[in-house]
There are 2 protein chains.
Amino acid sequence: MHEIDIPKVYETVYHKQLDNGLDIYLYPKQDVEKTFAIFSTNYGSIDQSFSPINQKEMVTVPDGIAHFLEHKMFEKEDGDVFQQFSERGASANAFTSFTETAYLFSSTTEIEANVETLLDFVQNPYFTEESVEKEKGIIEQEIRMYDDQADWRLFFGTIDSMYRHHPVRIDIAGTVESINDITADDLYTCYNTFYHPGNMQLVIAGQFDPQQMMRLIEQNQNEKSFDIPPEIDRDYGDEPIVVDQSEKTIKMPINTPKCMVGIKEKPEALEPNVLLENDLIRDLALDIYFSKSGLHYESLYQEGLVIDSLRLEYMLEKSFGFTAIGASTMEPEKFGQRVKEMLHSIKTDQIDQDAFERVKKKKYGELLREYNNLETVASNIIQYHQLGLDFRDVFPTLEQLTVDRFQEKLQSWIDEDQITVCSIVPEGE
Amino acid sequence: MHEIDIPKVYETVYHKQLDNGLDIYLYPKQDVEKTFAIFSTNYGSIDQSFSPINQKEMVTVPDGIAHFLEHKMFEKEDGDVFQQFSERGASANAFTSFTETAYLFSSTTEIEANVETLLDFVQNPYFTEESVEKEKGIIEQEIRMYDDQADWRLFFGTIDSMYRHHPVRIDIAGTVESINDITADDLYTCYNTFYHPGNMQLVIAGQFDPQQMMRLIEQNQNEKSFDIPPEIDRDYGDEPIVVDQSEKTIKMPINTPKCMVGIKEKPEALEPNVLLENDLIRDLALDIYFSKSGLHYESLYQEGLVIDSLRLEYMLEKSFGFTAIGASTMEPEKFGQRVKEMLHSIKTDQIDQDAFERVKKKKYGELLREYNNLETVASNIIQYHQLGLDFRDVFPTLEQLTVDRFQEKLQSWIDEDQITVCSIVPEGE
């Protein structure tokens with residue numbers, strides 16, 4: 001176990017990689033009441049074509065299987081896992097994203113017993129064909145429920161418009177058709193490959209003794225046997241650099257239209273040595289121009305092109321990345337046009353040095369404050385780990401970012417070919 | 001200025017009421033980076049019939065005027081207030097609820113200047129008939145946008161089904177028709193009555209010196225003159241004890257139905273001496289029975305009556321109160337029926353002493369942890385103040401709550417006549 005000091009926040013994170021490949025990060029914090037643990041696998045909705053453990057040939061599994069697997073993990077031969085946590089005063093939860101499946105709990109009591117439950121239920125899969133069939137009905141309802149939500153449709157419509165082949169374009173839960181093809185065998189194939197400890201991380205943040213906690217985890221892991229950590233080949237298809245469609249319109253039974261402008265990242269922006277810097281640049285650019293006090297937000301609002309507020313998203317991962325700016329608007333076409341103009345104008349806009357330093361400082365403060373939020377620290381450690389980065393790198397990267405570098409990087413980010421406009425309009429229009 | 005010690009959390013809040021009536025609460029915390037301020041008036045969407053300042057007769061103003069006023073406060077002769085905060089590294093915001101209108105900012109720098117801006121812009125109204133007309137178009141769009149949202153319609157449908165006369169049944173933003181009747185004069189009438197310092201509270205939480213901050217606020221307030229703090233009569237109508245309708249169905253163009261069960265509070269449950277206790281009892285009851293690890297949630301999920309998760313709400317105010325349990329469900333009628341059965345069964349259910357102590361302890365931990373979150377502390381102080389309560393009372397109230405008392409109070413809470421079931425179903429069904 002080695003110590004990782006975080007200079008600016010005067011805290012220490014302990015890290016160890018076990019022989020079975022599991023990466024463990026412990027963040028003890030004595031002035032808190034609650035402990036938060038997250039057990040995560042580097043496996044999300046985009047990982048559909050891969051080489052299974054102990055196998056050379058690639059397989060392709062149905063859309064939505066990572067999310068389906070997450071659902072099935074909570075069911076055990078002897079009942080429901082939520083109840084076990086609850087009896088020990090813990091709240092448990094789980095989520096599936098494009099790139100990650102994570103299981104988590106927070107608790108003020110019986111931390112060690114809860115950590116054991118977390119490890120044991122995730123490392124003990126139990127599916128039968130019968131229980132898989134039953135789950136299909138449940139997930140089908142969940143998919144149909146999301147189909148009613150205009151904001152969800154807008155977000156995935158925008159991604160689908162940017163990406164032609166990359167599986168990020170597919171809804172995380174899959175489709176009613178795709179999940180119908182899932183078998184218990186498929187689930188075991190995915191489980192055995194991606195839930196190997198070598199592909200997983202455990203982060204615990206809160207009030208506990210790190211040495212004692214590490215012993216407990218090691219003991220738990222030593223009682224289980226695993227194959228050699230696998231090298232997993234993942235195939236995301238051959239994705240063009242430019243967007244698939246420059247415009248897309250979805251009709252839905254709503255009164256108020258919505259529009260979202262998406263900027264697709266070029267692969268060069270996602271290279272390991274620049275990904276973090278670009279991530280910060282997208283964040284600062286959205287803040288400077290499109291936040292509630294941003295220059296362009298004010299114009300859009302005054303022109304009557306945005307109702308209430310803008311939805312701002314950015315996501316930079318190894319194999320895909322995008323930024324999105326959306327809103328409810330009575331004039332989706334005009335909104336899309338104006339946001340595109342604004343994005344192009346950013347390239348030639350001369351940012352005031354003081355204004356830039358101000359947003360930089362604000363961001364720096366936000367990053368420091370994140371260390372008071374155990375959930376955020378733990379999630380960040382995992383995300384950085386899965387990207388192959390050190391979670392502390394964000395501080396020097398931000399410090400070194402100059403206004404000139406910022407403006408130079410905006411140049412290569414925004415190109416007409418990288419931009420898509422997706423609208424949701426009332427049926428009948 | 002007097003000190004209010006919070007024993008369990010070893011913190012101090014400073015309180016002073018100025019001569020103009022303004023209540024100030026300061027919560028200095030030296031280990032934080034950010035400061036959060038909230039300037040709130042005890043005035044929300046339900047306050048439509050009242051006696052204006054310096055006037056005996058009651059007036060009734062159009063629905064949605066408190067929210068309209070909030071919108072208008074940000075516009076000044078010399079531009080937009082958001083920009084002023086932004087230039088000093090602060091983020092500003094505002095909200096209108098049933099009972100409160102609040103203006104807030106968070107900032108790491110120039111705290112004192114930002115506090116002055118907050119006080120000055122809220123205490124300096126500026127409306128013209130022209131700018132009021134322009135705002136109508138903006139708010140009309142906002143109202144139409146919310147009309148598309150099934151969850152919003154379900155929530156307000158449930159409230160409307162419970163209440164016959166009380167203005168809580170009206171959407172906070174009003175209707176397209178009602179806001180059209182608003183004039184600049186109406187806005188000034190509401191402003192002059194409800195934005196008097198005697199009806200307002202300022203809470204600042206974060207890193208600052210309390211003596212110095214108090215001097216700054218006093219100086220700012222001494223430069224402004226106000227009438228004598230008014231006694232405001234408010235009329236909420238003569239509301240029946242029981243629900244207005246036991247069932248309500250709304251049709252919308254969706255695929256997945258939704259259902260919500262509402263329990264209307266009896267006026268006796270909202271008396272000042274029991275309101276806080278009842279608030280805690282609703283909270284604990286929802287946790288024990290309907291949270292993800294709750295006894296009844298598990299049954300509803302297994303019976304296929306709930307997709308994903310339950311929406312749980314409870315709200316106890318002086319003049320109205322309710323609890324609501326909602327979900328997306330393929331069988332809204334069956335869901336409503338089962339939840340009603342479950343609510344009735346709670347009355348005779350024998351709760352395990354240990355289980356009760358566990359949720360009590362969990363809640364206690366949550367309450368203590370809230371003191372790490374400045375926004376939450378500040379909001380709580382205001383809510384308790386506006387209810388005429390001491391924000392620290394929640395600790396002894398929870399401590400003194402026994403399982404016997406809990407079960408006794410559940411008896412009088414749940415009655416068939418107090419329950420409504422509201423559903424949203426696809427059009428054409």
# chains A, B, ... in the order shown; residues from 1 in each chain; ligands from 1
$ closest_atom_pairs --of "chain B" --to "chain A" --cutoff "9 Å" --atoms "only C-alpha atoms" --output "JSON lines"
{"residue": "B:Val32", "atom": "CA", "partner": "A:Arg369", "partner_atom": "CA", "distance": 7.9}
{"residue": "B:Glu33", "atom": "CA", "partner": "A:Arg369", "partner_atom": "CA", "distance": 7.1}
{"residue": "B:Lys34", "atom": "CA", "partner": "A:Gly365", "partner_atom": "CA", "distance": 8.0}
{"residue": "B:Asp80", "atom": "CA", "partner": "A:Glu298", "partner_atom": "CA", "distance": 8.9}
{"residue": "B:Phe82", "atom": "CA", "partner": "A:Ser293", "partner_atom": "CA", "distance": 5.5}
{"residue": "B:Gln83", "atom": "CA", "partner": "A:Ser293", "partner_atom": "CA", "distance": 5.6}
{"residue": "B:Gln84", "atom": "CA", "partner": "A:Ser293", "partner_atom": "CA", "distance": 8.8}
{"residue": "B:Phe85", "atom": "CA", "partner": "A:Ser293", "partner_atom": "CA", "distance": 8.1}
{"residue": "B:Ser86", "atom": "CA", "partner": "A:Ser293", "partner_atom": "CA", "distance": 5.8}
{"residue": "B:Glu87", "atom": "CA", "partner": "A:Ala355", "partner_atom": "CA", "distance": 7.8}
{"residue": "B:Arg88", "atom": "CA", "partner": "A:Arg358", "partner_atom": "CA", "distance": 8.3}
{"residue": "B:Gly89", "atom": "CA", "partner": "A:Arg358", "partner_atom": "CA", "distance": 6.4}
{"residue": "B:Ala90", "atom": "CA", "partner": "A:Lys362", "partner_atom": "CA", "distance": 8.7}
{"residue": "B:Ser91", "atom": "CA", "partner": "A:Ser293", "partner_atom": "CA", "distance": 7.5}
{"residue": "B:Ala92", "atom": "CA", "partner": "A:Ser293", "partner_atom": "CA", "distance": 8.4}
{"residue": "B:Asn93", "atom": "CA", "partner": "A:Lys292", "partner_atom": "CA", "distance": 8.9}
{"residue": "B:Ser107", "atom": "CA", "partner": "A:Lys362", "partner_atom": "CA", "distance": 8.5}
{"residue": "B:Thr108", "atom": "CA", "partner": "A:Gly365", "partner_atom": "CA", "distance": 7.4}
{"residue": "B:Thr109", "atom": "CA", "partner": "A:Lys362", "partner_atom": "CA", "distance": 9.0}
{"residue": "B:Gly137", "atom": "CA", "partner": "A:Gly304", "partner_atom": "CA", "distance": 8.8}
{"residue": "B:Ile138", "atom": "CA", "partner": "A:Ile307", "partner_atom": "CA", "distance": 7.0}
{"residue": "B:Ile139", "atom": "CA", "partner": "A:Ile307", "partner_atom": "CA", "distance": 8.3}
{"residue": "B:Gln141", "atom": "CA", "partner": "A:Ile307", "partner_atom": "CA", "distance": 6.4}
{"residue": "B:Glu142", "atom": "CA", "partner": "A:Ile307", "partner_atom": "CA", "distance": 5.9}
{"residue": "B:Arg144", "atom": "CA", "partner": "A:Thr256", "partner_atom": "CA", "distance": 6.6}
{"residue": "B:Met145", "atom": "CA", "partner": "A:Thr256", "partner_atom": "CA", "distance": 5.4}
{"residue": "B:Tyr146", "atom": "CA", "partner": "A:Thr256", "partner_atom": "CA", "distance": 8.8}
{"residue": "B:Asp147", "atom": "CA", "partner": "A:Asn255", "partner_atom": "CA", "distance": 7.9}
{"residue": "B:Asp148", "atom": "CA", "partner": "A:Ile254", "partner_atom": "CA", "distance": 5.7}
{"residue": "B:Gln149", "atom": "CA", "partner": "A:Gln149", "partner_atom": "CA", "distance": 8.1}
{"residue": "B:Ala150", "atom": "CA", "partner": "A:Gln149", "partner_atom": "CA", "distance": 8.7}
{"residue": "B:Met252", "atom": "CA", "partner": "A:Pro253", "partner_atom": "CA", "distance": 8.8}
{"residue": "B:Pro253", "atom": "CA", "partner": "A:Pro253", "partner_atom": "CA", "distance": 5.8}
{"residue": "B:Ile254", "atom": "CA", "partner": "A:Asp148", "partner_atom": "CA", "distance": 5.7}
{"residue": "B:Asn255", "atom": "CA", "partner": "A:Asp148", "partner_atom": "CA", "distance": 6.3}
{"residue": "B:Thr256", "atom": "CA", "partner": "A:Met145", "partner_atom": "CA", "distance": 5.4}
{"residue": "B:Pro257", "atom": "CA", "partner": "A:Met145", "partner_atom": "CA", "distance": 8.5}
{"residue": "B:Lys292", "atom": "CA", "partner": "A:Phe82", "partner_atom": "CA", "distance": 7.4}
{"residue": "B:Ser293", "atom": "CA", "partner": "A:Phe82", "partner_atom": "CA", "distance": 5.5}
{"residue": "B:Gly294", "atom": "CA", "partner": "A:Gln83", "partner_atom": "CA", "distance": 8.0}
{"residue": "B:Leu295", "atom": "CA", "partner": "A:Gln83", "partner_atom": "CA", "distance": 8.8}
{"residue": "B:Glu298", "atom": "CA", "partner": "A:Asp80", "partner_atom": "CA", "distance": 8.9}
{"residue": "B:Gly304", "atom": "CA", "partner": "A:Ile138", "partner_atom": "CA", "distance": 7.3}
{"residue": "B:Ile307", "atom": "CA", "partner": "A:Glu142", "partner_atom": "CA", "distance": 5.9}
{"residue": "B:Asp308", "atom": "CA", "partner": "A:Glu142", "partner_atom": "CA", "distance": 6.5}
{"residue": "B:Ser328", "atom": "CA", "partner": "A:Met145", "partner_atom": "CA", "distance": 7.2}
{"residue": "B:Thr329", "atom": "CA", "partner": "A:Gln141", "partner_atom": "CA", "distance": 8.3}
{"residue": "B:Met330", "atom": "CA", "partner": "A:Gln141", "partner_atom": "CA", "distance": 7.7}
{"residue": "B:Ala355", "atom": "CA", "partner": "A:Glu87", "partner_atom": "CA", "distance": 7.8}
{"residue": "B:Arg358", "atom": "CA", "partner": "A:Gly89", "partner_atom": "CA", "distance": 6.5}
{"residue": "B:Val359", "atom": "CA", "partner": "A:Gly89", "partner_atom": "CA", "distance": 7.4}
{"residue": "B:Lys361", "atom": "CA", "partner": "A:Gly89", "partner_atom": "CA", "distance": 8.6}
{"residue": "B:Lys362", "atom": "CA", "partner": "A:Gly89", "partner_atom": "CA", "distance": 6.7}
{"residue": "B:Gly365", "atom": "CA", "partner": "A:Glu33", "partner_atom": "CA", "distance": 7.2}
{"residue": "B:Glu366", "atom": "CA", "partner": "A:Lys34", "partner_atom": "CA", "distance": 8.8}
{"residue": "B:Leu368", "atom": "CA", "partner": "A:Glu33", "partner_atom": "CA", "distance": 8.4}
{"residue": "B:Arg369", "atom": "CA", "partner": "A:Glu33", "partner_atom": "CA", "distance": 7.1}
{"residue": "B:Asn372", "atom": "CA", "partner": "A:Asn372", "partner_atom": "CA", "distance": 8.6}
$ residues_around --residues "Phe406 of chain A" --least-positions-apart "4" --cutoff "9 Å" --atoms "only C-alpha atoms" --output "ChimeraX atom specification"
/A:281,285,401-402,410-411
$ closest_residue --among "A:Thr348, A:Ser225, A:Asn273, A:Gln17" --to "Gln123 of chain A" --atoms "only C-alpha atoms"
A:Ser225
$ residues_around --residues "Leu275 of chain A" --least-positions-apart "5" --cutoff "8 Å" --atoms "only C-alpha atoms" --output "MDAnalysis selection string"
chainID A and resid 269:270 316:317
$ residues_around --residues "Asp415 of chain A" --least-positions-apart "4" --cutoff "10 Å" --atoms "only C-alpha atoms" --output "tab-separated table (two decimals) with C-alpha atoms, in the first residue's frame"
chain	number	residue	atom	x	y	z
A	242	VAL	CA	-16.91	14.34	-38.82
A	263	ILE	CA	-19.83	19.26	-31.12
A	264	LYS	CA	-18.14	15.95	-31.87
A	265	GLU	CA	-14.55	15.61	-30.68
A	266	LYS	CA	-11.79	14.77	-33.14
A	340	LYS	CA	-23.61	27.57	-34.22
A	343	LEU	CA	-19.51	28.69	-31.46
A	344	HIS	CA	-17.76	29.89	-34.62
A	347	LYS	CA	-12.68	31.07	-32.33
A	410	LEU	CA	-10.58	26.48	-29.21
A	411	GLN	CA	-9.48	26.89	-32.83
A	419	ILE	CA	-21.27	20.27	-35.38
$ select_by_dssp --residues "segment 180-314 of chain B" --states "helix (DSSP H, G or I)" --output "VMD selection string"
chain B and resid 180 184 to 194 197 to 199 210 to 222 267 to 270 272 to 290 295 to 302
$ closest_residue --among "B:Glu247, B:Asp393, B:Glu3, B:Asp352" --to "Glu333 of chain B" --atoms "only C-alpha atoms"
B:Glu247
$ select_by_dssp --residues "segment 281-416 of chain A" --states "strand (DSSP E or B)" --output "ChimeraX atom specification"
/A:307-316,321-328
